[in-house]
$ cat protein.tsv   # TSV, C-alpha atoms
chain	number	residue	atom	x	y	z
A	1	MET	CA	30.33	-0.30	19.52
A	2	SER	CA	31.79	-3.74	19.07
A	3	GLY	CA	31.13	-5.87	16.02
A	4	THR	CA	32.13	-5.73	12.40
A	5	ALA	CA	31.66	-2.19	11.00
A	6	ARG	CA	29.91	-2.12	7.64
A	7	ALA	CA	27.70	0.67	6.35
A	8	LEU	CA	24.10	-0.29	5.58
A	9	PRO	CA	22.51	0.16	2.14
A	10	GLY	CA	19.95	2.92	1.64
A	11	TRP	CA	16.96	0.60	1.42
A	12	ALA	CA	17.51	-0.65	5.01
A	13	SER	CA	15.94	2.44	6.59
A	14	ASP	CA	13.11	2.36	4.05
A	15	TYR	CA	12.33	-1.18	5.20
A	16	ALA	CA	11.32	0.28	8.57
A	17	LEU	CA	9.04	2.86	6.89
A	18	LEU	CA	7.44	0.12	4.82
A	19	ARG	CA	6.33	-1.58	8.05
A	20	ASP	CA	5.07	1.58	9.81
A	21	ARG	CA	8.11	1.77	12.05
A	22	ILE	CA	10.03	4.85	13.19
A	23	ALA	CA	13.74	4.51	12.45
A	24	SER	CA	16.70	6.19	14.09
A	25	PHE	CA	20.37	5.84	13.26
A	26	PRO	CA	22.79	5.19	16.15
A	27	ASN	CA	25.51	5.01	13.49
A	28	GLN	CA	25.92	4.11	9.83
A	29	GLN	CA	26.18	0.40	10.65
A	30	GLU	CA	22.95	0.00	12.61
A	31	ILE	CA	19.30	1.04	12.35
A	32	ARG	CA	17.18	1.09	15.46
A	33	SER	CA	13.41	1.27	14.95
A	34	VAL	CA	10.29	1.23	17.13
A	35	ASN	CA	6.57	0.93	16.44
A	36	GLN	CA	4.23	3.93	16.39
A	37	SER	CA	3.89	3.70	20.18
A	38	GLY	CA	7.66	3.93	20.66
A	39	GLU	CA	7.90	0.28	21.70
A	40	ASP	CA	9.07	-3.04	20.19
A	41	VAL	CA	12.72	-2.12	19.66
A	42	GLU	CA	14.25	-3.67	16.54
A	43	ILE	CA	17.89	-3.56	15.44
A	44	LEU	CA	18.85	-4.04	11.78
A	45	ARG	CA	22.50	-4.48	10.75
A	46	TYR	CA	24.88	-6.76	8.91
A	47	TRP	CA	25.91	-9.89	10.80
A	48	PRO	CA	28.33	-8.85	13.56
A	49	ASP	CA	31.29	-10.72	14.95
A	50	GLU	CA	31.16	-12.63	18.23
A	51	SER	CA	32.19	-9.60	20.28
A	52	TRP	CA	28.91	-7.82	19.52
A	53	SER	CA	26.09	-7.79	22.05
A	54	ALA	CA	22.49	-6.84	21.38
A	55	PRO	CA	21.21	-3.69	23.12
A	56	ALA	CA	19.50	-4.53	26.41
A	57	ASP	CA	16.12	-3.16	25.28
A	58	ALA	CA	16.10	-4.88	21.86
A	59	GLN	CA	13.25	-7.31	21.23
A	60	ARG	CA	14.03	-8.24	17.63
A	61	LEU	CA	17.15	-8.39	15.48
A	62	ILE	CA	17.46	-8.48	11.69
A	63	PHE	CA	20.84	-9.39	10.22
A	64	LEU	CA	21.78	-8.93	6.57
A	65	GLY	CA	24.00	-11.32	4.66
A	66	PRO	CA	25.11	-14.94	5.10
A	67	ALA	CA	24.47	-16.32	8.58
A	68	SER	CA	27.27	-16.88	11.09
A	69	SER	CA	27.02	-20.17	12.98
A	70	SER	CA	29.22	-18.92	15.84
A	71	VAL	CA	27.20	-15.72	16.33
A	72	SER	CA	23.96	-17.73	16.07
A	73	ALA	CA	25.16	-20.01	18.87
A	74	LYS	CA	26.00	-16.98	21.04
A	75	LEU	CA	22.58	-15.44	20.41
A	76	GLU	CA	20.80	-18.66	21.34
A	77	ASN	CA	22.84	-18.83	24.53
A	78	ASP	CA	21.77	-15.23	25.27
A	79	GLY	CA	18.08	-16.07	24.97
A	80	TRP	CA	17.39	-15.32	21.31
A	81	THR	CA	15.46	-17.52	18.87
A	82	GLN	CA	15.72	-17.38	15.10
A	83	THR	CA	12.18	-16.89	13.76
A	84	ALA	CA	12.53	-16.47	9.99
A	85	THR	CA	14.83	-16.17	7.01
A	86	MET	CA	13.80	-13.87	4.17
A	87	HIS	CA	15.54	-12.78	0.99
A	88	LEU	CA	16.00	-9.46	-0.72
A	89	LEU	CA	15.27	-9.96	-4.41
A	90	ALA	CA	16.30	-7.45	-7.06
A	91	GLY	CA	14.92	-6.95	-10.55
A	92	LYS	CA	14.61	-4.31	-13.22
A	93	PRO	CA	10.99	-3.18	-13.75
A	94	ASP	CA	11.13	-3.85	-17.47
A	95	ASP	CA	12.47	-7.39	-16.89
A	96	VAL	CA	9.76	-8.59	-14.49
A	97	GLU	CA	6.07	-9.30	-14.92
A	98	GLN	CA	4.00	-6.10	-15.20
A	99	VAL	CA	0.58	-7.44	-16.19
A	100	VAL	CA	-1.41	-10.28	-14.61
A	101	GLN	CA	-4.90	-11.19	-15.81
A	102	LEU	CA	-7.34	-11.33	-12.90
A	103	PRO	CA	-10.69	-13.16	-12.93
A	104	ASP	CA	-13.79	-11.15	-13.88
A	105	THR	CA	-14.89	-11.27	-10.25
A	106	SER	CA	-11.70	-9.50	-9.07
A	107	GLY	CA	-10.67	-5.89	-8.82
A	108	LEU	CA	-7.44	-4.02	-8.12
A	109	PHE	CA	-7.18	-0.76	-6.20
A	110	GLU	CA	-4.30	1.62	-5.49
A	111	ALA	CA	-3.89	4.19	-2.71
A	112	PRO	CA	-0.95	6.52	-1.96
A	113	MET	CA	-0.02	6.78	1.73
A	114	ASP	CA	2.55	8.94	3.53
A	115	ASN	CA	5.51	6.55	3.29
A	116	TYR	CA	4.37	4.03	0.67
A	117	ASP	CA	1.73	3.16	-1.88
A	118	VAL	CA	-0.78	0.38	-1.25
A	119	VAL	CA	-2.24	-2.03	-3.80
A	120	GLU	CA	-5.15	-4.28	-2.91
A	121	VAL	CA	-6.72	-7.12	-4.88
A	122	THR	CA	-10.33	-8.01	-4.17
A	123	ASP	CA	-12.57	-10.91	-5.19
A	124	PHE	CA	-16.33	-10.36	-4.95
A	125	ASP	CA	-15.49	-7.16	-3.02
A	126	ARG	CA	-13.52	-9.14	-0.41
A	127	PRO	CA	-9.82	-8.22	0.04
A	128	VAL	CA	-7.65	-11.21	-0.90
A	129	ALA	CA	-4.18	-9.60	-1.24
A	130	ARG	CA	-2.53	-6.37	-0.17
A	131	GLY	CA	0.98	-5.04	-0.72
A	132	ARG	CA	3.09	-1.94	-0.09
A	133	MET	CA	5.89	-0.21	-2.01
A	134	HIS	CA	8.12	2.65	-0.89
A	135	PHE	CA	9.54	4.85	-3.63
A	136	GLY	CA	13.26	5.50	-3.20
A	137	ALA	CA	15.41	7.67	-5.44
A	138	THR	CA	16.55	4.75	-7.62
A	139	TYR	CA	14.32	1.86	-6.55
A	140	GLY	CA	10.92	0.75	-5.39
A	141	LEU	CA	11.07	-1.32	-2.20
A	142	LEU	CA	8.32	-3.90	-1.70
A	143	HIS	CA	7.44	-6.45	0.94
A	144	ASP	CA	5.81	-9.78	0.13
A	145	PRO	CA	2.06	-9.12	-0.19
A	146	ASP	CA	-0.26	-10.17	2.62
A	147	LEU	CA	-2.73	-12.83	1.46
A	148	PHE	CA	-6.22	-13.26	2.89
A	149	SER	CA	-7.25	-16.75	1.73
A	150	PRO	CA	-7.55	-16.04	-2.01
A	151	SER	CA	-8.84	-18.85	-4.21
A	152	ASN	CA	-5.66	-18.54	-6.29
A	153	PRO	CA	-2.81	-17.27	-4.05
A	154	ASP	CA	-0.22	-17.23	-6.82
A	155	VAL	CA	-2.30	-15.02	-9.13
A	156	ALA	CA	-3.28	-12.64	-6.31
A	157	ARG	CA	0.32	-12.22	-5.20
A	158	ARG	CA	1.63	-11.80	-8.74
A	159	ALA	CA	-1.04	-9.19	-9.50
A	160	VAL	CA	0.14	-6.99	-6.61
A	161	LEU	CA	3.80	-7.30	-7.61
A	162	ALA	CA	3.06	-6.72	-11.29
A	163	ASN	CA	1.12	-3.54	-10.53
A	164	PHE	CA	4.04	-2.19	-8.52
A	165	ALA	CA	6.47	-3.16	-11.29
A	166	GLY	CA	4.41	-1.16	-13.75
A	167	SER	CA	4.33	1.79	-11.36
A	168	ALA	CA	8.11	1.69	-10.84
A	169	TYR	CA	8.60	1.52	-14.62
A	170	SER	CA	6.33	4.53	-15.18
A	171	HIS	CA	8.33	6.48	-12.56
A	172	GLY	CA	11.58	5.66	-14.36
A	173	LEU	CA	13.04	3.71	-11.43
A	174	PRO	CA	15.85	1.36	-12.53
A	175	TRP	CA	15.36	-1.21	-9.76
A	176	LEU	CA	12.73	-3.08	-7.79
A	177	LEU	CA	13.71	-4.57	-4.43
A	178	LEU	CA	11.44	-7.20	-2.88
A	179	VAL	CA	11.75	-8.64	0.63
A	180	ALA	CA	10.35	-12.13	0.04
A	181	THR	CA	9.74	-15.17	2.20
A	182	GLU	CA	12.09	-18.11	1.85
A	183	GLU	CA	9.32	-20.07	0.10
A	184	HIS	CA	8.69	-17.42	-2.54
A	185	ALA	CA	12.40	-16.73	-3.03
A	186	ALA	CA	12.90	-20.43	-3.79
A	187	GLN	CA	10.48	-20.07	-6.73
A	188	LEU	CA	12.14	-17.13	-8.45
A	189	PRO	CA	10.02	-15.78	-11.31
A	190	ALA	CA	11.66	-14.41	-14.44
A	191	GLY	CA	13.60	-11.18	-13.99
A	192	TRP	CA	14.31	-11.50	-10.25
A	193	SER	CA	17.59	-12.49	-8.59
A	194	LYS	CA	18.65	-12.95	-4.96
A	195	ALA	CA	20.62	-10.04	-3.53
A	196	THR	CA	21.02	-10.88	0.16
A	197	GLU	CA	19.45	-12.72	3.11
A	198	LEU	CA	17.63	-11.26	6.11
A	199	THR	CA	17.67	-13.38	9.26
A	200	PHE	CA	15.15	-12.51	11.99
A	201	TRP	CA	15.66	-13.15	15.70
A	202	GLN	CA	13.28	-12.65	18.62
A	203	HIS	CA	14.19	-12.38	22.29
A	204	ASN	CA	12.59	-15.06	24.45
$ encode --input "protein.tsv" --output "structure tokens"
Amino acid sequence: MSGTARALPGWASDYALLRDRIASFPNQQEIRSVNQSGEDVEILRYWPDESWSAPADAQRLIFLGPASSSVSAKLENDGWTQTATMHLLAGKPDDVEQVVQLPDTSGLFEAPMDNYDVVEVTDFDRPVARGRMHFGATYGLLHDPDLFSPSNPDVARRAVLANFAGSAYSHGLPWLLLVATEEHAAQLPAGWSKATELTFWQHN
């Protein structure tokens, strides 16, 4: 396979599990995943060089690390559109927020699933935030919580993350890894730092 060879970190395959995707490993430098129906092919890898070409059946690409303007231009010429930039944030559980006070009308619920745990925040019995965390050997991997029009989005989101931080701490995990939107990564709370970028591309 053409393109710069660089082995992926362990959390990269867990990122597929966190989103209910089935991952396979063509090689150590690339993760191919599909949805539960075996469709929607996604390729995750570090940014390649200009000699690399996306697999013919790929519908989405995720590249790790600083973006390459020359490869971006080639992708656009090949019918790809950049759709999002996200950031992997890293923090130690005992350095980040573990307790968030919710209003009296709110509740917080936890549920273990096959590949991840789920935390949901409700307000007047209506779900307002939901997040997932996959437990790795040395880290908990989270994705930015989904928000469902909470009256206070910041508190709802922080409550989900804080609950997971407490859970990771109780399990003795040394690290938390959070895939966050560009907006949330720009407002880094105490204890978190940026580790790498994830750039998403969709085929037109």
$ residues_around --input "protein.tsv" --residues "Gln187 of chain A" --least-positions-apart "5" --cutoff "12 Å" --atoms "all atoms listed in the file" --output "VMD selection string"
chain A and resid 87 89 154 180 to 182 192 to 194
$ atom_distance --input "protein.tsv" --atom1 "atom CA of Ser68 of chain A" --atom2 "atom CA of Asp49 of chain A"
8.3 Å
$ atom_distance --input "protein.tsv" --atom1 "atom CA of Arg60 of chain A" --atom2 "atom CA of Pro26 of chain A"
16.1 Å
$ atom_distance --input "protein.tsv" --atom1 "atom CA of Leu75 of chain A" --atom2 "atom CA of Gly10 of chain A"
26.4 Å
$ residues_around --input "protein.tsv" --residues "His171 of chain A" --least-positions-apart "6" --cutoff "12 Å" --atoms "only C-alpha atoms" --output "ChimeraX atom specification"
/A:93-94,135-140,164-165
$ residues_around --input "protein.tsv" --residues "Ala129 of chain A" --least-positions-apart "2" --cutoff "9 Å" --atoms "only C-alpha atoms" --output "NGL selection string"
:A and (119-122 or 127 or 131 or 145-150 or 153 or 156-157 or 159-160)
$ residues_around --input "protein.tsv" --residues "Ser24 of chain A" --least-positions-apart "6" --cutoff "10 Å" --atoms "all atoms listed in the file" --output "JSON, numbers by chain"
{"A": [13, 16, 30, 31, 32, 33, 34, 43]}
$ closest_residue --input "protein.tsv" --among "A:Arg158, A:Ser69, A:Trp175, A:Phe124" --to "Lys92 of chain A" --atoms "all atoms listed in the file"
A:Trp175
$ closest_residue --input "protein.tsv" --among "A:Phe200, A:Trp52, A:Asp123, A:Tyr15" --to "Asp104 of chain A" --atoms "all atoms listed in the file"
A:Asp123
$ closest_residue --input "protein.tsv" --among "A:Val96, A:Leu198, A:Met133, A:Leu178" --to "Ile62 of chain A" --atoms "only C-alpha atoms"
A:Leu198
$ residues_around --input "protein.tsv" --residues "Leu64 of chain A" --least-positions-apart "2" --cutoff "8 Å" --atoms "all atoms listed in the file" --output "PyMOL selection string"
chain A and resi 44-47+62+66+196-199
$ closest_residue --input "protein.tsv" --among "A:Val100, A:Val155, A:Ala54, A:Ile22" --to "Val71 of chain A" --atoms "all atoms listed in the file"
A:Ala54
$ closest_residue --input "protein.tsv" --among "A:His203, A:Leu173, A:Ala190, A:Ser106" --to "Pro55 of chain A" --atoms "only C-alpha atoms"
A:His203
$ axis_aligned_box --input "protein.tsv" --around "segment 9-25 of chain A" --padding-each-side "5 Å" --output "JSON"
{"center_x": 13.8, "center_y": 2.3, "center_z": 7.8, "size_x": 27.4, "size_y": 17.8, "size_z": 22.7}
$ closest_residue --input "protein.tsv" --among "A:Leu177, A:Ala56, A:Ala111, A:Ser51" --to "Ala90 of chain A" --atoms "all atoms listed in the file"
A:Leu177
$ decode --input "protein.tsv" --residues "segment 124-171 of chain A" --atoms "C-alpha atoms" --output "PDB file, in the first residue's frame"
ATOM      1  CA  PHE A 124     -37.914  16.198  34.319  1.00  0.00           C
ATOM      2  CA  ASP A 125     -37.457  12.606  33.057  1.00  0.00           C
ATOM      3  CA  ARG A 126     -36.491  13.863  29.576  1.00  0.00           C
ATOM      4  CA  PRO A 127     -33.034  12.828  28.261  1.00  0.00           C
ATOM      5  CA  VAL A 128     -30.899  15.941  27.747  1.00  0.00           C
ATOM      6  CA  ALA A 129     -27.382  14.450  27.390  1.00  0.00           C
ATOM      7  CA  ARG A 130     -25.906  11.039  26.680  1.00  0.00           C
ATOM      8  CA  GLY A 131     -22.306   9.861  26.450  1.00  0.00           C
ATOM      9  CA  ARG A 132     -20.268   6.688  25.965  1.00  0.00           C
ATOM     10  CA  MET A 133     -16.910   5.473  27.300  1.00  0.00           C
ATOM     11  CA  HIS A 134     -14.920   2.409  26.276  1.00  0.00           C
ATOM     12  CA  PHE A 135     -12.602   0.949  28.904  1.00  0.00           C
ATOM     13  CA  GLY A 136      -9.137   0.186  27.533  1.00  0.00           C
ATOM     14  CA  ALA A 137      -6.279  -1.366  29.464  1.00  0.00           C
ATOM     15  CA  THR A 138      -4.747   1.994  30.428  1.00  0.00           C
ATOM     16  CA  TYR A 139      -7.392   4.541  29.427  1.00  0.00           C
ATOM     17  CA  GLY A 140     -11.051   5.351  29.123  1.00  0.00           C
ATOM     18  CA  LEU A 141     -11.995   6.558  25.637  1.00  0.00           C
ATOM     19  CA  LEU A 142     -14.940   8.952  25.385  1.00  0.00           C
ATOM     20  CA  HIS A 143     -16.736  10.765  22.606  1.00  0.00           C
ATOM     21  CA  ASP A 144     -18.283  14.204  23.050  1.00  0.00           C
ATOM     22  CA  PRO A 145     -21.717  13.675  24.649  1.00  0.00           C
ATOM     23  CA  ASP A 146     -24.823  14.001  22.511  1.00  0.00           C
ATOM     24  CA  LEU A 147     -27.017  16.884  23.691  1.00  0.00           C
ATOM     25  CA  PHE A 148     -30.798  16.972  23.322  1.00  0.00           C
ATOM     26  CA  SER A 149     -31.678  20.644  23.873  1.00  0.00           C
ATOM     27  CA  PRO A 150     -30.810  20.898  27.581  1.00  0.00           C
ATOM     28  CA  SER A 151     -31.586  24.176  29.327  1.00  0.00           C
ATOM     29  CA  ASN A 152     -27.915  24.371  30.349  1.00  0.00           C
ATOM     30  CA  PRO A 153     -25.777  22.560  27.726  1.00  0.00           C
ATOM     31  CA  ASP A 154     -22.480  23.202  29.503  1.00  0.00           C
ATOM     32  CA  VAL A 155     -23.636  21.656  32.793  1.00  0.00           C
ATOM     33  CA  ALA A 156     -25.234  18.651  31.063  1.00  0.00           C
ATOM     34  CA  ARG A 157     -22.103  17.935  29.046  1.00  0.00           C
ATOM     35  CA  ARG A 158     -19.777  18.405  32.016  1.00  0.00           C
ATOM     36  CA  ALA A 159     -21.921  16.088  34.151  1.00  0.00           C
ATOM     37  CA  VAL A 160     -21.497  13.235  31.663  1.00  0.00           C
ATOM     38  CA  LEU A 161     -17.738  13.759  31.398  1.00  0.00           C
ATOM     39  CA  ALA A 162     -17.313  14.118  35.153  1.00  0.00           C
ATOM     40  CA  ASN A 163     -19.164  10.861  35.805  1.00  0.00           C
ATOM     41  CA  PHE A 164     -16.878   9.035  33.387  1.00  0.00           C
ATOM     42  CA  ALA A 165     -13.813  10.648  34.967  1.00  0.00           C
ATOM     43  CA  GLY A 166     -14.906   9.341  38.348  1.00  0.00           C
ATOM     44  CA  SER A 167     -15.489   5.890  36.878  1.00  0.00           C
ATOM     45  CA  ALA A 168     -12.053   5.828  35.230  1.00  0.00           C
ATOM     46  CA  TYR A 169     -10.474   6.931  38.520  1.00  0.00           C
ATOM     47  CA  SER A 170     -12.262   4.170  40.448  1.00  0.00           C
ATOM     48  CA  HIS A 171     -11.002   1.615  37.899  1.00  0.00           C
TER      49      HIS A 171
END
